[in-house]
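Q: Here it is, the structure, as structure tokens.
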Amino acid sequence: MDWITIVIIAVKVVVVFAVLLTGCAWMTWLERKLVARIQTRLGPMNAGFQGLLQPIADMIKLLLKEDISPKHVDKMIYALAPLAAFIPATLSIAVVPFGSSVELFGRHIDLVISNLNIGILYVLAVTSLGVYAIAMAGWSSNSKYSLLGGIRSAAQMISYEIGLGLSIVVVVLLSGTVNLVEMVNQQSSILQWNVFANPVAFLIYFICAVAETNRNPFDLPEAESELVAGYFTEYSSMKFGMFFVGEYANMITVGAIATTLFFGGWQGPFLPPVLWFVIKVAAFMVFYIWTRGTLPRFRYDQLMNFGWKVLLPVAVLNVLVTALIKLW
Amino acid sequence: MFETYFPIVFLLLVSIAAGGGLYLLSKFLGRKSPESKYMDTPYECGVEPVGDTRERFPVKFYLIAILFIVFDIEVVFMYPWAVVYDRLALFGFIEMLVFIGILLIGYVYILRSGALKWD
């Protein structure tokens, strides 16, 4: 491997990372704007046209706030938890292909950070690391709200991870590979999209993914009306901000993985592949916000019952039925 | 091998650098206010905190964690099976039926013993 390859890799990584973080920032703008419209409000209006500069103002505000680390916390774990939320959230984007390949300066560049042969297993492994951040933050804060939010969230995330894994098994069954690039190549026309081949798997995936990212209607860990802010009650300044960025980065990743697994990835007519990828992911983000603006929150026992007594059996049955159909 | 894993390691480094950078920035830019004893009490909506946080919490959460390990490993076993299912065909299907059948017994036991009951 020569140094040009290394430079190309470095540029790719930095660009994708920057786009992901920018996406997170303007995701917050989009969310506030859409939720405001759903509730017939205007949302942010003052910073820039239609409040478009609001994310920048928010970031400056967060940076200028005092970084309080109270005496009653467990210093080490308390300080590490935001990093543990932020880093895994940005890592899983590495195997998602966001375009075919381009010729640049006579070189063949694949538009994916790493064409990993165990793609989807890597995604599962990295995304499940997120639960550590929540458990760490909840426990180390030494506050009752944080502890309750932390254990609730940990139980919720591991419960829904089973359904998530089972729904992806169906996709692996259909495509016979765990490599994301190959999966996209197999869904070249709209009729070959996995979402049509097995809509149940997509439904289970999406429900579980929303629960995994702690979003409404599964946002019990941070149920404002009962737990203040859940596991990050005791956090302030940029440490608080990093939990936020982590959450939004996770949402974008979920959208990107759903696009890749079920909606043909970057493939589409007329427009350039990268644009198609962005459009599909953005559609997921809008859907996320839409559910947040529409649905009420689950009760905790309903959440657990739904996960273990409905999603799990349905997902297992779905795997068996898909296998049976494939046998035919 | 190197070409597939190097970018991921690089992304990890970029991510750590960005996270650490944000930490440092907020440390330098953040305003500092004089010490106050209220800053060091856990937030409980303005009410004086009662008792310690490190109390016992319901054992159900622990049960969920144990059940998760059993079922998640089941799921992980399914991945290699799913990849080579084309070649296994009927044999693979029956194998998986047996595998899930055994787990089903466990699942029914969990349900009957009330481990998933929330009240």
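Please note that chains go A, B, ... in the order of the structure tokens, that every chain numbers its residues from 1, and that ligands are numbered from 1 in the order shown.
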With DSSP run on the backbone, what are the alpha helix (DSSP H) residues within segment 111-227 of chain A? I'd like them as an MDAnalysis selection string.
A: chainID A and resid 119:127 130:140 144:175 180:186 194:197 199:212 224:227
Q: Sorted by chain and rising residue number, which residues of segment 76-182 of chain A lie within 12 Å of segment 188-198 of chain A, and what are their closest atom pairs and distances in Å to one decimal, counting only C-alpha atoms, as a Markdown table?
A:
```
| residue | atom | partner | partner_atom | distance |
| --- | --- | --- | --- | --- |
| A:Ser100 | CA | A:Ser188 | CA | 11.5 |
| A:Ser167 | CA | A:Asn198 | CA | 9.6 |
| A:Ile168 | CA | A:Asn194 | CA | 10.8 |
| A:Val169 | CA | A:Asn198 | CA | 11.6 |
| A:Val170 | CA | A:Asn198 | CA | 8.0 |
| A:Val171 | CA | A:Asn194 | CA | 7.0 |
| A:Val172 | CA | A:Asn194 | CA | 10.2 |
| A:Leu173 | CA | A:Asn194 | CA | 10.8 |
| A:Leu174 | CA | A:Asn194 | CA | 7.8 |
| A:Ser175 | CA | A:Asn194 | CA | 8.7 |
| A:Val181 | CA | A:Ser188 | CA | 11.6 |
| A:Glu182 | CA | A:Ser188 | CA | 10.5 |
```
Q: Select residues of chain B: the criterion is any atom within 7 Å of an atom of chain A, counting only C-alpha atoms; output as a count of residues only.
A: 40
Q: Within 12 Å of Gly268 of chain A, counting only C-alpha atoms, which residues qualify if same-chain residues fewer than 4 places away don't, as a PyMOL selection string?
A: chain A and resi 99-100+184-185+187-191+193+259+263-264+272-280
Q: To one decimal in Å, tell me the separation between atom CA of Ala256 of chain A and atom CA of Val286 of chain A.
A: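 Interatomic distance, atom CA of Ala256 of chain A to atom CA of Val286 of chain A: 13.1 Å.
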Q: Which residues are close to segment 45-53 of chain A, i.e. within 8 Å by only C-alpha atoms, leaving aside same-chain residues fewer than 4 positions away? Reply as a list in words.
A: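 What passes the distance filter is Trp26, Trp29 and Ala57 of chain A.
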Q: Enter the distance from atom CA of Tyr78 of chain A to atom CA of Gly20 of chain B, in Å, rounded to one decimal.
A: 14.5 Å
